[in-house]
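Comments concern the structure below.
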Amino acid sequence: MSQTLAQTPPQAPARTLKIVALGDSLTAGYNLPASAAFPPVLEQALRQKGIAVEIVNAGVSGDTVQGGLERLDWSVADGTDGVILELGANDALRGLDPATTRKGLETIITRLKERGIPVLLAGMYAPRNLGADYATRFDSIYPELAKSHGLVLYPFFLEGIAGDRALNQPDLLHPTAEGVRVIVRNILPTVERFLATLPAKP
C-alpha cells in the first residue's frame, strides 16, 4: 500500500496567476509601507482563499490616465494574465476634460485586449465641487467603457472609505492602511469573479 502511494506522482500545483495593478497613488500605496499597499494586501486576501496569484504593484503616484498610457508597455509585461486598471482620479482632481480621460482609458483597454490581456476596470467618481455637468460626464466613463468592451467593472474604487476621516490620511484623498484593507474587502468578490473569467493557460 505504502509502495503504491509512493509511486503516485504528486499533483502539479495550480499555476500562479500574474496580475498587474496599473494605477496611481491609490494603487502605489502613497505614504504607506510597501506591504500595506493595495496590491500586496489584495494578493494576501486572495491567497487566504486558496487562489494562487501574484499581483504586481504598477502604481505611480500622481499618474493621470495619459501617464499610465505612456508607460503601459513596460508596466505590463508579456505573460500577464490580467490587469486591474485603476486610473483617472488625478484627471478629475485636475479638472481635465473627461473626453480626454475616456480616450486614454479606451486606448489602454484596447492595447491590452490586442495583447490578449483581460482588464478589470476600477471606476472613479469626480469630486462634486467641479459641478454636476463635469461629474455626470466623468462618472459615466467607467460603466460605458465596461459595457462597450465587455469588462468586469468595480464601479468605485474608494467605495466604503471616501470622505471617512478614520480611513483616510489627513489629505482625505489617500487611504490609511486600514482604509486599504476596507478597499480590498469590498473589491474582493469582484476580483474573484474577474479571475474566474481568465482564460486557462498551460
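Going by the C-alpha cells order, chains are called A, B, ..., each with residues numbered from 1, while ligands are numbered from 1 in the order shown.
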Near segment 79-95 of chain A, counting only C-alpha atoms, which residues have an atom at most 9 Å away, once you skip same-chain residues fewer than 2 positions from it, shown as a short mmCIF file (atom, residue, chain, number, x, y, z; two decimals) with C-alpha atoms, in the first residue's frame?
```
data_model
loop_
_atom_site.label_atom_id
_atom_site.label_comp_id
_atom_site.auth_asym_id
_atom_site.auth_seq_id
_atom_site.Cartn_x
_atom_site.Cartn_y
_atom_site.Cartn_z
CA LEU A 17 -1.87 33.87 -11.94
CA LYS A 18 0.11 37.00 -12.73
CA ILE A 19 -1.95 40.18 -12.31
CA VAL A 20 -0.72 43.74 -12.76
CA ALA A 21 -2.40 46.54 -10.79
CA LEU A 22 -1.92 49.55 -13.07
CA GLY A 23 -2.79 52.73 -11.25
CA ASP A 24 -1.87 55.90 -9.44
CA LEU A 26 -4.22 54.72 -4.66
CA THR A 27 -2.56 51.59 -6.06
CA GLY A 59 1.05 52.20 -9.31
CA GLY A 62 0.44 61.44 -9.46
CA ASP A 63 -0.20 59.48 -12.64
CA THR A 64 -3.00 60.59 -14.91
CA VAL A 65 -4.54 58.25 -17.48
CA GLN A 66 -2.10 59.67 -20.02
CA GLY A 68 -0.41 55.27 -17.40
CA VAL A 76 2.51 45.27 -18.12
CA ALA A 77 4.96 42.54 -19.04
CA ASP A 97 -11.59 67.11 -19.93
CA PRO A 98 -13.48 63.82 -19.35
CA THR A 100 -9.52 63.04 -22.83
CA THR A 101 -9.70 60.68 -19.85
CA ARG A 102 -12.15 58.44 -21.69
CA LEU A 105 -8.60 54.67 -20.86
CA ILE A 108 -5.17 51.35 -22.68
CA ILE A 109 -8.02 48.82 -22.73
CA LEU A 112 -4.28 45.29 -23.62
CA GLY A 116 -4.89 39.13 -25.12
CA ILE A 117 -4.80 40.58 -21.59
CA PRO A 118 -8.22 40.92 -19.87
CA VAL A 119 -8.98 44.04 -17.80
CA LEU A 120 -10.86 44.63 -14.56
CA LEU A 121 -11.86 48.30 -14.67
CA ALA A 122 -11.88 50.10 -11.32
CA GLY A 123 -14.12 53.14 -11.56
CA MET A 124 -13.78 56.58 -10.03
CA TYR A 125 -16.18 59.42 -9.29
CA ALA A 126 -15.38 63.08 -9.89
CA PRO A 127 -15.19 65.49 -6.93
CA LEU A 130 -16.42 70.52 -10.10
CA TYR A 134 -18.49 67.58 -15.10
CA ALA A 135 -19.45 64.86 -12.60
CA PHE A 138 -16.72 61.89 -15.80
CA PHE A 157 -12.51 52.10 -6.15
CA VAL A 191 -11.68 40.40 -8.27
CA PHE A 194 -12.65 38.55 -12.71
CA LEU A 195 -10.06 35.84 -12.01
CA LEU A 198 -9.47 34.47 -17.16
CA PRO A 199 -8.65 32.03 -19.94
CA LYS A 201 -3.09 28.87 -19.86
#
```
Could you pull the residues within 10 Å of Ile161 of chain A, counting only C-alpha atoms, minus those fewer than 3 positions along the same chain, as number ranges by chain?
A: 157-158, 164-168, 172-176, 178-180, 182-183
Atom CA of Leu72 of chain A and atom CA of Val56 of chain A are how many Å apart?
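It comes out at 13.4 Å.
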Going by DSSP on the backbone, which residues of segment 70-151 of chain A come out as alpha helix (DSSP H)? List them as JSON, numbers by chain.
{"A": [70, 72, 73, 74, 75, 89, 90, 91, 92, 93, 98, 99, 100, 101, 102, 103, 104, 105, 106, 107, 108, 109, 110, 111, 112, 113, 114, 132, 133, 134, 135, 136, 137, 138, 139, 141, 142, 143, 144, 145, 146, 147, 148, 149]}
Restricting the calculation to only C-alpha atoms, which member of A:Glu43, A:Asp171, A:Glu192, A:Glu106 is positioned closest to Ala146 of chain A?
A:Glu106
Just the number, please: distance in Å from atom CA of Arg181 of chain A to atom CA of Glu159 of chain A, one decimal.
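A separation of 11.8 Å between them.
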In Å, rounded to a single decimal, give me how far atom CA of Arg15 of chain A is from atom CA of Gly50 of chain A.
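Value for the atom CA of Gly50 of chain A-atom CA of Arg15 of chain A distance: 11.9 Å.
Scanning segment 12-179 of chain A with DSSP on the backbone, the strand (DSSP E or B) assignments fall on Leu17, Lys18, Ile19, Val20, Ala21, Leu22, Gly23, Val53, Glu54, Ile55, Val56, Asn57, Ala58, Gly59, Gly82, Val83, Ile84, Leu85, Glu86, Val119, Leu120, Leu121, Ala122, Val152, Leu153, Tyr154, Asn168 and Pro175 of chain A.
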Neighbouring residues of Ser61 of chain A were defined as those with any atom within 7 Å, considering only C-alpha atoms; residues of the same chain fewer than 4 positions away were excluded. Please report them as an MDAnalysis selection string.
chainID A and resid 24:25 28 30
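Minimum atom-to-atom distance to Thr107 of chain A, evaluated using only C-alpha atoms, belongs to A:Leu69 out of A:Gly131, A:Ile141, A:Leu69, A:Ala36.
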